[in-house]
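Visitor: Structure incoming, see below.
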Amino acid sequence: MPITNALTTTIERVSILDEHGNFDEKLGKGLIPDADLLKLYETMVTCRMMDEVAFKLQRSGRMGTYPQNMGQEANSLGAAYALNNDDWLVTCYRENCGLMWRGVPIDSILLHWMGDERGNAMPRPHHATPIAVPIGTQMLHATGLAWAAKYRGEKRISCTFFGDGATSEGDFHEACNFAANLDIPVIFFCQNNFWAISVPGRIQCSAPTVAQRGIAYGMPCLQVDGNDLFAVVYGMRKAIEHARTTGKPYFIEGVTYRLGDHTTADDARRYRDQAEVDAWKARDPITRLRTYMTKKGIWSDAKDAALREAAEASCMATIERCEQVEPPVRGDVFNYTFADLPADLVTQRETGHTHSLGQDPSQLPSASNAR
Amino acid sequence: MSTVTLIDPTMTATREIEFRDALREAMSQEMRRDPRVFLLGEEVAQYNGAYKVSKGMLDEFGPRRIIDTPISESGFAGMAIGAAMMGLRPIVEFMSWSFSLVAADPILNNAPKMLYMSGGQFGCPIVFRGNDGAGGQLGSTHSWCVEGLYSNVPGLKMAIPSCPEDAKGLMTTAIRDDDPVFFLESERMLGMKGHVPEGDYLIPFGQAKVRREGTDCTLVSFGRPVNFCLDAAAELAKEGISCEVLDMRTIRPLDIDSIVRSVRKTNYCVVVDQSWSFGSPGSEVASQVHQHCFDDLDNFVHRVHSADVPTPYAFNLEQEYLPNARRICEAVRSCLYRA
């Protein structure tokens with residue numbers, strides 16, 4: 001028997017507005033109406049401002065550990081823009097921009113990072129899940145959410161975000177396998193920012209693209225310039241159409257870069273070359289969009305200055321609102337631990353004693369009653 | 001069991017170093033001594049460890065022995081088992097024990113059972129190590145105390161030092177041990193300074209240490225809360241209550257003899273354990289004390305644990321949730337009928 005070719009495949013890469021300002025009319029024309037573009041830009045600028053403000057606050061001790069989104073805004077934003085508002089947005093922790101577009105209050109996001117669980121109580125109408133800090137768990141949740149929608153005969157799909165590092169976790173592979181084999185409409189969106197904290201991409205994936213990991217699971221895969229909002233929207237539309245019409249998953253790799261530290265607890269200068277960072281600064285998704293809009297005559301330096309001023313004021317107002325939120329009460333730790341609080345925990349909540357049952361005489365009667 | 005020699009570390013210690021330095025010193029000294037020992041984990045090499053425990057080790061030992069892994073706990077824990085079966089002695093760093101949950105199958109279902117299931121053919125001389133317990137506003141998914149969960153499993157040993165001197169001695173013993181050792185550190189203690197001897201020394205497993213002598217009540221603890229017990233004992237001394245503080249140093253094996261000896265002297269016992277109360281090392285100690293000291297006790301064993309809820313993220317709630325000196329004092333007073 002001769003040796004035949006079992007599979008030949010390619011990974012397409014989409015770039016519409018590049019860092020030099022070149023715009024591909026064929027792919028990009030009519031993709032995002034100007035009115036929407038202005039709103040999207042505004043969201044990106046506000047998100048970036050929030051990063052700057054949060055960073056300063058953390059340094060002055062007014063904020064917990066905070067992961068900046070700087071440089072990656074276009075990915076989650078383009079996705080949230082292309083999705084329907086009742087599609088699930090299953091994020092990890094660097095998707096503020098998409099969440100903001102969805103309408104999740106910035107207050108919630110900030111309150112969470114300021115060390116208050118109540119911030120993670122994502123308002124239900126937004127179809128967004130709580131910020132997922134363990135690496136990789138959310139991809140299986142996204143698959144489960146979409147599977148449940150299918151089970152219930154609903155048309156909605158889910159889109160989940162994760163970094164290049166997370167593709168090393170077993171959860172990632174299991175989520176892809178399930179989604180592909182059980183025909184579940186999930187869009188797997190990898191924000192490949194090249195660094196998993198200090199670990200370079202080469203240690204996570206030695207293949208030339210992360211996107212090709214989807215091939216192993218029989219998924220269509222696409223690489224987009226993740227710093228190009230147009231390319232992200234283009235890729236997402238393709239993915240969404242595929243997911244909705246076939247009910248099957250799709251894999252997108254957004255090639256992007258984390259311009260800031262992993263979180264405020266990290267100092268990326270210790271492991272990254274400044275030259276590399278500078279090269280990526282030149283590909284900043286916000287700058288790129290501003291130049292494009294200015295050239296198109298729908299934006300100006302004056303408008304930009306006004307927007308930044310308004311964004312800063314709105315961020316500061318959010319911070320002030322968050323700082324004025326009263327600390328959670330002790331009963332909160334019990335209130336959300338069970339749907340139906342067991343008797344021993346009711347006693348602990350009511351007596352105010354959080355130590356072990358039996359330590360305080362006031363806790364004994366209920367223990368005896370339980371017998 | 002490895003043959004261990006106890007050199008009393010207090011004999012020579014004049015130099016003060018941090019807890020993290022003590023851990024590194026133990027690992028480095030063992031790596032110089034034994035070419036089979038190597039370290040792997042997330043960010044242990046280039047980044048010098050997320051908590052700088054392995055700082056400088058890549059420079060000294062090179063990438064063959066200090067290995068950066070992908071974010072794939074199940075993967076590198078399982079590979080370490082294979083390497084151990086082949087005769088190497090891996091040290092596996094879980095940046096946080098919270099991350100070991102995704103590696104539950106290799107660390108609980110393989111490593112501690114391999115010797116048994118291979119009829120004595122394949123041992124697993126591995127040290128799994130990392131930060132355990134609440135690190136300070138890390139939220140409930142990153143604040144696991146795994147001792148309650150993992151100490152239930154036969155076939156493993158569990159060491160949990162409370163000071164730099166023990167960190168080094170117990171780590172050296174852990175690396176030379178022929179069985180899997182779960183080594184529980186605390187992010188909150190890595191910067192803690194203490195006298196640590198420069199040479200290598202071994203602290204045998206299953207040997208508690210009396211950190212403070214006393215006559216009225218025995219305080220039994222392990223790991224970080226031992227330090228809270230010492231604070232509480234100092235506070236209670238002002239009220240005329242003399243506490244004996246026992247640092248168990250290892251949870252498995254458990255040195256029940258030392259506890260019994262102390263309780264027979266004081267007739268009261270309070271166990272302080274930062275894991276949840278249900279089915280915990282604390283409940284095991286209480287059960288064994290009740291069994292061995294039934295006629296010696298003047299009250300039931302009291303216990304101080306974290307509240308029976310997920311670790312809170314909010315600062316004020318996390319403080320309330322964890323055992324602390326105030327709550328230990330309350331428990332001792334209550335146990336001694338002085339509440």
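By convention here, the chains of the structure tokens are called A, B, ... in the order presented, each chain's residues are numbered starting at 1, and ligands are numbered starting at 1 in the order presented.
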Just the residues within 12 Å of Gly139 (chain B), please, counting only C-alpha atoms, with nothing from its chain fewer than 2 positions along; format it as a count of residues only.

Guide: 32

Visitor: Just the residues within 7 Å of Ala74 (chain A), please, counting only C-alpha atoms, with nothing from its chain fewer than 4 positions along; format it as a ChimeraX atom specification.

Guide: /A:78,226-229,285

Visitor: Output C-alpha atoms for every residue in that selection, as a short mmCIF file (atom, residue, chain, number, x, y, z; two decimals), in the first residue's frame.

Guide:
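Result file is out-v3.cif:
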data_model
loop_
_atom_site.label_atom_id
_atom_site.label_comp_id
_atom_site.auth_asym_id
_atom_site.auth_seq_id
_atom_site.Cartn_x
_atom_site.Cartn_y
_atom_site.Cartn_z
CA GLY A 78 -15.24 42.31 19.61
CA GLY A 226 -6.43 40.16 18.49
CA ASN A 227 -5.32 43.79 18.52
CA ASP A 228 -7.55 44.53 15.56
CA LEU A 229 -11.17 45.01 16.58
CA PRO A 285 -5.57 48.24 19.60
#

Visitor: Chain B residues within 9 Å of chain A, counting only C-alpha atoms: which ones, as a ChimeraX atom specification?

Guide: /B:42-43,46-47,50,68-75,99,102,137-139,141-142,276-278,301-317,320-323,327,330-331,334-335

Visitor: Using DSSP secondary structure from the backbone, list all strand (DSSP E) positions within region 159-314 of chain A, as an MDAnalysis selection string.

Guide: chainID A and resid 159:163 186:192 195:196 199:200 221:225 250:255

Visitor: When DSSP is applied to the backbone of this structure, which of region 184-277 of chain B are assigned helix (DSSP H, G or I)? Write them out as an MDAnalysis selection string.

Guide: chainID B and resid 187:189 225:237 256:266

Visitor: What's the 9 Å shell around Ala311 (chain A), counting only C-alpha atoms, without same-chain residues fewer than 6 positions away, as an MDAnalysis selection string?

Guide: chainID A and resid 42 45:47 49:50

Visitor: Could the residues in this selection be saved with C-alpha atoms as a PDB file, in the first residue's frame?

Guide:
ATOM      1  CA  GLU A  42     -15.415  54.664  24.028  1.00  0.00           C
ATOM      2  CA  VAL A  45     -10.867  53.889  26.380  1.00  0.00           C
ATOM      3  CA  THR A  46     -12.927  53.589  29.563  1.00  0.00           C
ATOM      4  CA  CYS A  47     -11.610  50.080  30.155  1.00  0.00           C
ATOM      5  CA  MET A  49      -8.650  54.192  32.040  1.00  0.00           C
ATOM      6  CA  MET A  50     -10.011  51.791  34.635  1.00  0.00           C
TER       7      MET A  50
END

Visitor: Counting only C-alpha atoms, what is within 9 Å of Val263 (chain B), bar same-chain residues fewer than 4 positions away, as a PyMOL selection string?

Guide: chain B and resi 217-218+258-259+267-269+289+293+296-297

Visitor: Please produce an output containing all heavy atoms for each residue in the selection, written as a PDB file, in the first residue's frame.

Guide:
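Contents of part26.pdb, freshly written:
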ATOM      1  N   CYS B 217      -3.218  23.828  80.587  1.00  0.00           N
ATOM      2  CA  CYS B 217      -3.973  23.416  79.391  1.00  0.00           C
ATOM      3  C   CYS B 217      -2.993  23.088  78.272  1.00  0.00           C
ATOM      4  O   CYS B 217      -1.994  23.792  78.097  1.00  0.00           O
ATOM      5  CB  CYS B 217      -4.911  24.556  78.951  1.00  0.00           C
ATOM      6  SG  CYS B 217      -5.886  24.158  77.488  1.00  0.00           S
ATOM      7  N   THR B 218      -3.267  22.045  77.534  1.00  0.00           N
ATOM      8  CA  THR B 218      -2.425  21.677  76.391  1.00  0.00           C
ATOM      9  C   THR B 218      -3.031  22.246  75.111  1.00  0.00           C
ATOM     10  O   THR B 218      -4.192  21.993  74.808  1.00  0.00           O
ATOM     11  CB  THR B 218      -2.342  20.137  76.269  1.00  0.00           C
ATOM     12  OG1 THR B 218      -1.803  19.615  77.482  1.00  0.00           O
ATOM     13  CG2 THR B 218      -1.476  19.735  75.090  1.00  0.00           C
ATOM     14  N   SER B 258       3.144  12.206  72.500  1.00  0.00           N
ATOM     15  CA  SER B 258       3.515  13.493  73.111  1.00  0.00           C
ATOM     16  C   SER B 258       2.278  14.249  73.577  1.00  0.00           C
ATOM     17  O   SER B 258       2.300  14.916  74.607  1.00  0.00           O
ATOM     18  CB  SER B 258       4.273  14.364  72.107  1.00  0.00           C
ATOM     19  OG  SER B 258       5.520  13.778  71.837  1.00  0.00           O
ATOM     20  N   ILE B 259       1.198  14.130  72.791  1.00  0.00           N
ATOM     21  CA  ILE B 259      -0.035  14.824  73.170  1.00  0.00           C
ATOM     22  C   ILE B 259      -0.575  14.215  74.460  1.00  0.00           C
ATOM     23  O   ILE B 259      -0.919  14.926  75.412  1.00  0.00           O
ATOM     24  CB  ILE B 259      -1.098  14.721  72.040  1.00  0.00           C
ATOM     25  CG1 ILE B 259      -0.553  15.292  70.732  1.00  0.00           C
ATOM     26  CG2 ILE B 259      -2.376  15.437  72.452  1.00  0.00           C
ATOM     27  CD1 ILE B 259      -1.489  15.122  69.531  1.00  0.00           C
ATOM     28  N   ASN B 267      -4.595  18.015  82.020  1.00  0.00           N
ATOM     29  CA  ASN B 267      -6.006  17.579  82.116  1.00  0.00           C
ATOM     30  C   ASN B 267      -6.983  18.366  81.235  1.00  0.00           C
ATOM     31  O   ASN B 267      -8.188  18.154  81.307  1.00  0.00           O
ATOM     32  CB  ASN B 267      -6.510  17.590  83.569  1.00  0.00           C
ATOM     33  CG  ASN B 267      -5.583  16.828  84.495  1.00  0.00           C
ATOM     34  OD1 ASN B 267      -4.961  17.413  85.374  1.00  0.00           O
ATOM     35  ND2 ASN B 267      -5.440  15.529  84.269  1.00  0.00           N
ATOM     36  N   TYR B 268      -6.465  19.277  80.435  1.00  0.00           N
ATOM     37  CA  TYR B 268      -7.322  20.026  79.501  1.00  0.00           C
ATOM     38  C   TYR B 268      -6.632  20.064  78.145  1.00  0.00           C
ATOM     39  O   TYR B 268      -5.398  20.134  78.087  1.00  0.00           O
ATOM     40  CB  TYR B 268      -7.533  21.466  79.984  1.00  0.00           C
ATOM     41  CG  TYR B 268      -8.356  21.571  81.248  1.00  0.00           C
ATOM     42  CD1 TYR B 268      -7.750  21.667  82.496  1.00  0.00           C
ATOM     43  CD2 TYR B 268      -9.750  21.577  81.181  1.00  0.00           C
ATOM     44  CE1 TYR B 268      -8.496  21.758  83.657  1.00  0.00           C
ATOM     45  CE2 TYR B 268     -10.516  21.674  82.333  1.00  0.00           C
ATOM     46  CZ  TYR B 268      -9.895  21.768  83.577  1.00  0.00           C
ATOM     47  OH  TYR B 268     -10.649  21.857  84.700  1.00  0.00           O
ATOM     48  N   CYS B 269      -7.424  20.063  77.102  1.00  0.00           N
ATOM     49  CA  CYS B 269      -6.814  20.067  75.768  1.00  0.00           C
ATOM     50  C   CYS B 269      -7.639  20.898  74.785  1.00  0.00           C
ATOM     51  O   CYS B 269      -8.861  20.734  74.694  1.00  0.00           O
ATOM     52  CB  CYS B 269      -6.695  18.625  75.258  1.00  0.00           C
ATOM     53  SG  CYS B 269      -5.932  18.490  73.632  1.00  0.00           S
ATOM     54  N   VAL B 289      -7.416  11.737  71.692  1.00  0.00           N
ATOM     55  CA  VAL B 289      -7.199  12.193  73.072  1.00  0.00           C
ATOM     56  C   VAL B 289      -8.338  11.678  73.962  1.00  0.00           C
ATOM     57  O   VAL B 289      -8.112  11.204  75.071  1.00  0.00           O
ATOM     58  CB  VAL B 289      -7.083  13.736  73.139  1.00  0.00           C
ATOM     59  CG1 VAL B 289      -7.091  14.233  74.589  1.00  0.00           C
ATOM     60  CG2 VAL B 289      -5.803  14.197  72.457  1.00  0.00           C
ATOM     61  N   CYS B 293      -7.086   9.509  76.899  1.00  0.00           N
ATOM     62  CA  CYS B 293      -7.041  10.309  78.130  1.00  0.00           C
ATOM     63  C   CYS B 293      -8.435  10.444  78.751  1.00  0.00           C
ATOM     64  O   CYS B 293      -8.731  11.440  79.403  1.00  0.00           O
ATOM     65  CB  CYS B 293      -6.473  11.698  77.848  1.00  0.00           C
ATOM     66  SG  CYS B 293      -4.884  11.678  77.040  1.00  0.00           S
ATOM     67  N   ASP B 296      -8.385  11.229  82.250  1.00  0.00           N
ATOM     68  CA  ASP B 296      -7.504  12.337  82.643  1.00  0.00           C
ATOM     69  C   ASP B 296      -8.142  13.694  82.369  1.00  0.00           C
ATOM     70  O   ASP B 296      -7.709  14.704  82.912  1.00  0.00           O
ATOM     71  CB  ASP B 296      -6.190  12.267  81.837  1.00  0.00           C
ATOM     72  CG  ASP B 296      -5.502  10.939  82.002  1.00  0.00           C
ATOM     73  OD1 ASP B 296      -5.007  10.670  83.108  1.00  0.00           O
ATOM     74  OD2 ASP B 296      -5.490  10.151  81.033  1.00  0.00           O
ATOM     75  N   LEU B 297      -9.151  13.712  81.507  1.00  0.00           N
ATOM     76  CA  LEU B 297      -9.707  14.987  81.057  1.00  0.00           C
ATOM     77  C   LEU B 297     -10.716  15.558  82.047  1.00  0.00           C
ATOM     78  O   LEU B 297     -11.573  14.839  82.557  1.00  0.00           O
ATOM     79  CB  LEU B 297     -10.393  14.802  79.694  1.00  0.00           C
ATOM     80  CG  LEU B 297      -9.483  14.607  78.474  1.00  0.00           C
ATOM     81  CD1 LEU B 297     -10.301  14.123  77.278  1.00  0.00           C
ATOM     82  CD2 LEU B 297      -8.750  15.902  78.127  1.00  0.00           C
TER      83      LEU B 297
END

Visitor: I want to know what sits within 10 Å of Val44 (chain B), based on only C-alpha atoms, with residues of the same chain fewer than 5 positions away left out; could you give that as a list in words?

Guide: Val199 of chain A; Leu39, Gly49, Ala50, Tyr51, Lys52, Val53, Ser54, Lys55, Gly56, Met57, Leu58, Ile66, Ile67, Asp68, Thr69, Val92, Glu93, Phe94 and Met95 of chain B

Visitor: Neighbours of Met44 (chain A) within 8 Å (only C-alpha atoms; same-chain residues fewer than 6 positions away dropped), as a list in words?

Guide: Glu73, Ala74, Leu77, Cys97 and Ile286 of chain A

Visitor: Let me see the file: selected residues, N, CA and C atoms, as a tab-separated table (two decimals), in the first residue's frame.

Guide:
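Wrote result00.tsv, looks like this:
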chain	number	residue	atom	x	y	z
A	73	GLU	N	-7.89	44.54	24.96
A	73	GLU	CA	-9.29	44.95	25.01
A	73	GLU	C	-10.12	44.49	23.83
A	74	ALA	N	-9.52	44.51	22.62
A	74	ALA	CA	-10.31	44.25	21.41
A	74	ALA	C	-10.89	42.85	21.38
A	77	LEU	N	-14.07	42.54	23.66
A	77	LEU	CA	-15.02	43.55	23.20
A	77	LEU	C	-15.63	43.13	21.85
A	97	CYS	N	-13.48	44.51	29.17
A	97	CYS	CA	-14.03	45.32	28.10
A	97	CYS	C	-15.30	44.69	27.54
A	286	ILE	N	-6.06	50.35	20.73
A	286	ILE	CA	-6.77	51.62	20.89
A	286	ILE	C	-6.19	52.68	19.95

Visitor: So how many Å separate CA of Leu89 (chain A) and CA of Ala128 (chain A), to one decimal?

Guide: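 Between these atoms lies a distance of 4.8 Å.
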
Visitor: Find the residues near Arg224 (chain B): any atom within 12 Å, counting only C-alpha atoms, skip ones fewer than 5 places away on the same chain, and give them as number ranges by chain.

Guide: B: 19, 131-135, 145, 160-164, 166-167, 184-190, 192, 229-231, 247-249, 272-275, 322-325

Visitor: Pick out the closest residue to Arg156 (chain A) from this set: A:Leu140, A:Leu110, A:Met293, A:Ala243. Count only C-alpha atoms.

Guide: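 Once distances to Arg156 (chain A) are computed over only C-alpha atoms, the minimum belongs to A:Ala243.
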
Visitor: Quick one: of A:Asn192, A:Thr209, A:Asn84, A:Thr294, who's nearest to Arg237 (chain A), counting only C-alpha atoms?

Guide: A:Asn84

Visitor: Could you jot down the CA of Phe188 (chain A) to CA of His242 (chain A) separation for me, Å, one decimal place?

Guide: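 Going from CA of Phe188 (chain A) over to CA of His242 (chain A), I get 12.5 Å.
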